[in-house]
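Q: What follows is coords-v4.cif, mmCIF, C-alpha atoms.
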data_final
loop_
_atom_site.label_atom_id
_atom_site.label_comp_id
_atom_site.auth_asym_id
_atom_site.auth_seq_id
_atom_site.Cartn_x
_atom_site.Cartn_y
_atom_site.Cartn_z
CA MET A 8 -10.71 14.18 -29.31
CA ALA A 9 -10.89 15.97 -25.95
CA SER A 10 -14.22 15.80 -24.21
CA PRO A 11 -15.71 19.26 -23.64
CA GLY A 12 -17.47 19.96 -20.35
CA HIS A 13 -19.12 16.93 -18.82
CA SER A 14 -19.66 14.82 -21.93
CA LEU A 15 -19.03 11.10 -22.29
CA PHE A 16 -15.59 9.56 -22.43
CA SER A 17 -14.41 7.21 -25.09
CA GLU A 18 -15.22 3.58 -24.34
CA ASP A 19 -11.54 2.78 -23.69
CA CYS A 20 -11.29 5.57 -21.10
CA ARG A 21 -14.50 4.48 -19.40
CA VAL A 22 -13.28 0.89 -19.13
CA ALA A 23 -9.86 1.98 -17.84
CA ILE A 24 -11.36 4.29 -15.17
CA ASN A 25 -13.72 1.55 -13.99
CA HIS A 26 -10.77 -0.83 -13.77
CA VAL A 27 -8.78 1.71 -11.71
CA ALA A 28 -11.69 2.27 -9.30
CA SER A 29 -12.32 -1.47 -8.97
CA TYR A 30 -8.69 -2.18 -8.21
CA GLU A 31 -8.53 0.62 -5.62
CA LEU A 32 -11.47 -1.03 -3.83
CA HIS A 33 -9.72 -4.40 -4.13
CA ILE A 34 -6.59 -2.98 -2.47
CA SER A 35 -8.74 -1.35 0.21
CA ASP A 36 -10.29 -4.74 0.97
CA ALA A 37 -6.87 -6.40 1.20
CA TYR A 38 -5.56 -3.66 3.51
CA LEU A 39 -8.62 -3.95 5.73
CA SER A 40 -7.95 -7.69 5.99
CA MET A 41 -4.34 -6.93 6.95
CA ALA A 42 -5.45 -4.36 9.54
CA CYS A 43 -7.80 -6.88 11.14
CA TYR A 44 -5.04 -9.49 11.19
CA TYR A 45 -2.54 -7.15 12.85
CA ASN A 46 -4.88 -5.95 15.56
CA GLU A 47 -3.65 -5.24 19.05
CA ASP A 48 -4.18 -8.88 20.07
CA MET A 49 -1.49 -9.88 17.56
CA GLY A 50 0.92 -7.45 19.19
CA ALA A 51 1.40 -5.37 16.04
CA PRO A 52 -0.81 -2.29 16.52
CA LEU A 53 1.45 -0.16 14.29
CA PHE A 54 0.79 -2.43 11.31
CA ALA A 55 -2.93 -2.53 12.14
CA ALA A 56 -3.18 1.26 12.22
CA PHE A 57 -1.08 1.68 9.07
CA PHE A 58 -3.12 -0.75 6.97
CA GLU A 59 -6.44 0.53 8.33
CA ASP A 60 -5.46 4.06 7.30
CA GLN A 61 -4.35 2.85 3.86
CA ALA A 62 -7.65 0.98 3.40
CA GLU A 63 -9.59 4.22 3.97
CA VAL A 64 -7.35 6.21 1.61
CA LYS A 65 -7.78 3.66 -1.18
CA LYS A 66 -11.55 3.54 -0.71
CA GLU A 67 -11.76 7.34 -0.87
CA HIS A 68 -9.67 7.47 -4.04
CA ALA A 69 -11.92 4.86 -5.66
CA LYS A 70 -14.98 6.96 -4.79
CA GLN A 71 -13.37 10.01 -6.40
CA PHE A 72 -12.80 8.11 -9.65
CA LEU A 73 -16.41 6.90 -9.58
CA ARG A 74 -17.70 10.45 -8.98
CA TYR A 75 -15.59 11.58 -11.90
CA LEU A 76 -17.26 8.96 -14.11
CA ARG A 77 -20.72 10.12 -13.03
CA LYS A 78 -19.81 13.75 -13.61
CA HIS A 79 -19.03 12.80 -17.20
CA LYS A 80 -22.23 10.78 -17.59
CA SER A 81 -20.32 7.54 -17.95
CA LYS A 82 -21.57 4.17 -16.84
CA ILE A 83 -20.17 2.72 -13.63
CA TYR A 84 -19.55 -0.98 -13.58
CA LEU A 85 -17.10 -2.36 -11.07
CA LEU A 86 -15.08 -5.37 -12.04
CA VAL A 87 -15.16 -8.31 -9.67
CA ILE A 88 -11.60 -8.88 -8.54
CA LYS A 89 -10.98 -12.02 -6.55
CA ARG A 90 -10.11 -11.28 -2.95
CA PRO A 91 -6.74 -12.63 -1.79
CA ASP A 92 -7.05 -16.14 -0.36
CA ILE A 93 -4.96 -15.14 2.62
CA ASP A 94 -6.18 -15.17 6.20
CA ASN A 95 -2.75 -15.31 7.78
CA TRP A 96 -0.62 -12.42 6.50
CA GLY A 97 2.43 -13.70 8.37
CA THR A 98 5.07 -11.23 9.46
CA GLY A 99 4.82 -7.54 8.84
CA VAL A 100 7.44 -7.94 6.13
CA GLN A 101 5.29 -10.48 4.30
CA ALA A 102 2.32 -8.11 4.45
CA LEU A 103 4.44 -5.23 3.13
CA GLU A 104 5.65 -7.46 0.28
CA SER A 105 2.01 -8.25 -0.61
CA ALA A 106 1.08 -4.57 -0.31
CA LEU A 107 3.94 -3.52 -2.58
CA GLU A 108 2.86 -6.09 -5.17
CA LEU A 109 -0.68 -4.62 -5.10
CA GLU A 110 0.67 -1.07 -5.34
CA ASN A 111 2.91 -1.92 -8.31
CA LYS A 112 0.00 -3.47 -10.19
CA PHE A 113 -2.10 -0.41 -9.41
CA THR A 114 0.67 1.88 -10.70
CA ASN A 115 0.55 -0.06 -13.99
CA LEU A 116 -3.23 0.44 -14.18
CA LEU A 117 -2.81 4.20 -13.68
CA LEU A 118 -0.10 4.32 -16.36
CA ASN A 119 -2.41 2.41 -18.70
CA LEU A 120 -5.19 4.92 -17.98
CA LYS A 121 -2.78 7.75 -18.77
CA THR A 122 -1.85 6.09 -22.09
CA VAL A 123 -5.51 5.60 -23.03
CA ALA A 124 -6.44 9.16 -22.02
CA SER A 125 -3.52 10.56 -24.05
CA ALA A 126 -4.49 8.52 -27.11
CA SER A 127 -8.08 9.81 -26.78
CA GLU A 128 -6.88 13.37 -26.13
CA GLU A 129 -8.84 13.49 -22.87
CA THR A 130 -7.01 16.49 -21.38
CA ASP A 131 -9.42 16.91 -18.45
CA LEU A 132 -8.96 13.26 -17.48
CA LEU A 133 -5.17 13.57 -17.76
CA HIS A 134 -5.27 16.58 -15.46
CA PHE A 135 -7.60 14.80 -12.99
CA MET A 136 -5.57 11.61 -12.78
CA GLY A 137 -2.20 13.37 -12.68
CA LYS A 138 -2.44 14.01 -8.94
CA TYR A 139 -3.27 10.35 -8.30
CA LEU A 140 -0.29 9.19 -10.32
CA ASP A 141 1.96 11.51 -8.30
CA LYS A 142 0.47 10.23 -5.02
CA GLN A 143 0.88 6.66 -6.21
CA LYS A 144 4.57 7.15 -6.98
CA ARG A 145 5.11 8.60 -3.48
CA ASN A 146 3.08 5.81 -1.88
CA THR A 147 5.01 3.09 -3.71
CA SER A 148 8.35 4.68 -2.73
CA TYR A 149 7.17 4.83 0.89
CA MET A 150 6.17 1.14 0.81
CA GLU A 151 9.55 0.20 -0.65
CA HIS A 152 11.30 2.17 2.10
CA GLN A 153 9.17 0.51 4.78
CA LEU A 154 9.91 -2.92 3.35
CA VAL A 155 13.67 -2.32 3.48
CA TYR A 156 13.39 -0.89 7.00
CA HIS A 157 11.26 -3.75 8.35
CA ASN A 158 13.45 -6.35 6.63
CA GLY A 159 16.32 -4.92 8.65
CA LEU A 160 14.26 -5.01 11.83
CA GLU A 161 13.26 -8.60 11.17
CA LYS A 162 16.91 -9.61 10.74
CA GLN A 163 17.73 -7.91 14.04
CA ALA A 164 14.82 -9.70 15.69
CA GLN A 165 16.12 -13.05 14.45
CA ALA A 166 19.57 -12.22 15.79
CA LEU A 167 18.04 -11.37 19.17
CA ALA A 168 15.60 -14.28 19.20
CA GLY A 169 17.09 -15.61 22.41
CA PHE A 170 16.05 -12.45 24.22
CA GLY A 171 12.40 -12.67 23.31
CA GLU A 172 10.15 -10.57 21.14
CA GLU A 173 9.05 -8.30 23.97
CA CYS A 174 12.58 -7.02 24.62
CA PHE A 175 13.08 -6.43 20.91
CA CYS A 176 9.79 -4.56 20.52
CA ASN A 177 10.63 -2.41 23.52
CA ARG A 178 13.92 -1.48 21.92
CA LEU A 179 12.29 -0.63 18.60
CA PHE A 180 9.19 1.21 19.64
CA ALA A 181 9.81 2.60 23.10
CA GLY A 182 13.36 3.73 22.45
CA TYR A 183 14.47 2.55 25.89
CA PRO A 184 16.73 -0.48 25.41
CA SER A 185 16.99 -2.98 28.20
CA GLU A 186 20.44 -3.69 29.58
CA ASP A 187 20.24 -7.31 28.40
CA VAL A 188 19.52 -6.29 24.82
CA ASP A 189 22.31 -3.71 24.86
CA LYS A 190 24.73 -6.34 26.17
CA LYS A 191 23.67 -8.78 23.44
CA LEU A 192 24.13 -6.09 20.77
CA ASN A 193 27.60 -5.27 22.10
CA ASP A 194 28.51 -8.97 22.10
CA MET A 195 27.27 -9.28 18.52
CA ASP A 196 29.27 -6.23 17.45
CA MET A 197 32.40 -7.73 19.02
CA GLU A 198 31.78 -11.06 17.27
CA LEU A 199 31.33 -9.33 13.94
CA GLY A 200 34.50 -7.31 14.54
CA ASN A 201 36.47 -10.49 15.29
CA GLU A 202 35.14 -12.21 12.16
CA SER A 203 36.06 -9.30 9.89
CA GLY A 204 39.51 -8.90 11.53
#
What does the file become when written as structure tokens?
A:
Amino acid sequence: MASPGHSLFSEDCRVAINHVASYELHISDAYLSMACYYNEDMGAPLFAAFFEDQAEVKKEHAKQFLRYLRKHKSKIYLLVIKRPDIDNWGTGVQALESALELENKFTNLLLNLKTVASASEETDLLHFMGKYLDKQKRNTSYMEHQLVYHNGLEKQAQALAGFGEECFCNRLFAGYPSEDVDKKLNDMDMELGNESG
């Protein structure tokens, strides 16, 4: 039955909301670890900034779910979720793969919360969490897009390995290709054309 006003949730809803908030904090912790790994000293400030921003967003969302619990006089107990045993996140692509795995699991937790709230007829909770489910779908799609994009960049970087990472990064981020890189790309295009012909 729907909960009027600010009354207690069903036990299943309370457990599911606590799980969602705990996992948001878990993702925030993982993203903060990624941001620290990809600091400017690693030469990947774009990844550092991206993951630092995502860490803050996830932490804020978790706080909103916890405030929602308190508003409905429900007990807050955060699950202990083991932190990833990763100190070296590897390439940006590897970090995006890990991030997408976290996001997909979180999407499943939100869908589970929606199922539990529907079964308990918690219309206010369904309305509250609806915006987070929409944001999560957009966020997951964005991560998938970034993964495809950066996979392509990584393949290009491997093809240009002889020209050094600095030249490649300049081409990607500054938008001003060096003559050497342009020549290499033209040579590669010609080789590919010969192979297909």
Q: Determine the nearest neighbour of Leu132 of chain A from the options A:Phe72, A:Met41, A:Lys82, A:Asp60, counting all atoms listed in the file.
A: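 Closest residue, counting all atoms listed in the file: A:Phe72.
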Q: Using all atoms listed in the file, which of the listed residues (A:Leu117, A:Ala55, A:Val123, A:Ala166) sits closest to Lys138 of chain A?
A: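 With all atoms listed in the file as the atom set, the closest residue is A:Leu117.
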Q: One number please: atom CA of Val27 of chain A to atom CA of Lys78 of chain A, in Å, one decimal.
A: 16.4 Å
Q: Name all residues at most 10 Å from Ala126 of chain A (count all atoms listed in the file; drop same-chain ones fewer than 2 positions away) and give them as a ChimeraX atom specification.
A: /A:8-9,19-20,120-124,128-129
Q: Would you be able to write out as a list in words which residues have an atom within 6 Å of (-0.9, -9.1, -3.5) in the file's coordinates, counting only C-alpha atoms?
A: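 Those residues, ordered by chain and then number, are Ser105, Ala106, Glu108 and Leu109 of chain A.
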Q: Using only C-alpha atoms, which residues sit within 10 Å of Leu76 of chain A once same-chain residues fewer than 3 positions away are excluded, as a PDB file with C-alpha atoms, in the coordinates of the input?
A:
ATOM      1  CA  HIS A  13     -19.120  16.930 -18.820  1.00  0.00           C
ATOM      2  CA  LEU A  15     -19.030  11.100 -22.290  1.00  0.00           C
ATOM      3  CA  PHE A  16     -15.590   9.560 -22.430  1.00  0.00           C
ATOM      4  CA  CYS A  20     -11.290   5.570 -21.100  1.00  0.00           C
ATOM      5  CA  ARG A  21     -14.500   4.480 -19.400  1.00  0.00           C
ATOM      6  CA  ILE A  24     -11.360   4.290 -15.170  1.00  0.00           C
ATOM      7  CA  ASN A  25     -13.720   1.550 -13.990  1.00  0.00           C
ATOM      8  CA  ALA A  28     -11.690   2.270  -9.300  1.00  0.00           C
ATOM      9  CA  LYS A  70     -14.980   6.960  -4.790  1.00  0.00           C
ATOM     10  CA  GLN A  71     -13.370  10.010  -6.400  1.00  0.00           C
ATOM     11  CA  PHE A  72     -12.800   8.110  -9.650  1.00  0.00           C
ATOM     12  CA  LEU A  73     -16.410   6.900  -9.580  1.00  0.00           C
ATOM     13  CA  HIS A  79     -19.030  12.800 -17.200  1.00  0.00           C
ATOM     14  CA  LYS A  80     -22.230  10.780 -17.590  1.00  0.00           C
ATOM     15  CA  SER A  81     -20.320   7.540 -17.950  1.00  0.00           C
ATOM     16  CA  LYS A  82     -21.570   4.170 -16.840  1.00  0.00           C
ATOM     17  CA  ILE A  83     -20.170   2.720 -13.630  1.00  0.00           C
ATOM     18  CA  LEU A 132      -8.960  13.260 -17.480  1.00  0.00           C
TER      19      LEU A 132
END
Q: Do you know which residues are at most 12 Å from Ala37 of chain A counting all atoms listed in the file, after dropping those on the same chain fewer than 6 positions away, and could you put them as an MDAnalysis selection string?
A: chainID A and resid 30:31 43:44 58:59 61:63 65:66 88:96 102:103 105:110
Q: Write a file of the just-selected residues containing C-alpha atoms, as a PDB file, in the coordinates of the input.
A:
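File written: part.pdb
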ATOM      1  CA  TYR A  30      -8.690  -2.180  -8.210  1.00  0.00           C
ATOM      2  CA  GLU A  31      -8.530   0.620  -5.620  1.00  0.00           C
ATOM      3  CA  CYS A  43      -7.800  -6.880  11.140  1.00  0.00           C
ATOM      4  CA  TYR A  44      -5.040  -9.490  11.190  1.00  0.00           C
ATOM      5  CA  PHE A  58      -3.120  -0.750   6.970  1.00  0.00           C
ATOM      6  CA  GLU A  59      -6.440   0.530   8.330  1.00  0.00           C
ATOM      7  CA  GLN A  61      -4.350   2.850   3.860  1.00  0.00           C
ATOM      8  CA  ALA A  62      -7.650   0.980   3.400  1.00  0.00           C
ATOM      9  CA  GLU A  63      -9.590   4.220   3.970  1.00  0.00           C
ATOM     10  CA  LYS A  65      -7.780   3.660  -1.180  1.00  0.00           C
ATOM     11  CA  LYS A  66     -11.550   3.540  -0.710  1.00  0.00           C
ATOM     12  CA  ILE A  88     -11.600  -8.880  -8.540  1.00  0.00           C
ATOM     13  CA  LYS A  89     -10.980 -12.020  -6.550  1.00  0.00           C
ATOM     14  CA  ARG A  90     -10.110 -11.280  -2.950  1.00  0.00           C
ATOM     15  CA  PRO A  91      -6.740 -12.630  -1.790  1.00  0.00           C
ATOM     16  CA  ASP A  92      -7.050 -16.140  -0.360  1.00  0.00           C
ATOM     17  CA  ILE A  93      -4.960 -15.140   2.620  1.00  0.00           C
ATOM     18  CA  ASP A  94      -6.180 -15.170   6.200  1.00  0.00           C
ATOM     19  CA  ASN A  95      -2.750 -15.310   7.780  1.00  0.00           C
ATOM     20  CA  TRP A  96      -0.620 -12.420   6.500  1.00  0.00           C
ATOM     21  CA  ALA A 102       2.320  -8.110   4.450  1.00  0.00           C
ATOM     22  CA  LEU A 103       4.440  -5.230   3.130  1.00  0.00           C
ATOM     23  CA  SER A 105       2.010  -8.250  -0.610  1.00  0.00           C
ATOM     24  CA  ALA A 106       1.080  -4.570  -0.310  1.00  0.00           C
ATOM     25  CA  LEU A 107       3.940  -3.520  -2.580  1.00  0.00           C
ATOM     26  CA  GLU A 108       2.860  -6.090  -5.170  1.00  0.00           C
ATOM     27  CA  LEU A 109      -0.680  -4.620  -5.100  1.00  0.00           C
ATOM     28  CA  GLU A 110       0.670  -1.070  -5.340  1.00  0.00           C
TER      29      GLU A 110
END
Q: Within 8 Å of Ser29 of chain A, counting only C-alpha atoms, which residues show up once you throw out same-chain ones fewer than 5 positions away? Write them as a list of chain:residue names, please.
A: A:Ala69, A:Leu85, A:Leu86, A:Val87, A:Ile88
Q: Give me, please, the distance in Å between atom CA of Thr114 of chain A and atom CA of Leu154 of chain A, quoted to one decimal.
A: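 Those two atoms sit 17.5 Å apart.
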Q: Work out how far apart atom CA of Asp131 of chain A and atom CA of His26 of chain A are and give it in Å to one decimal.
A: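 For atom CA of Asp131 of chain A relative to atom CA of His26 of chain A, the distance reads 18.4 Å.
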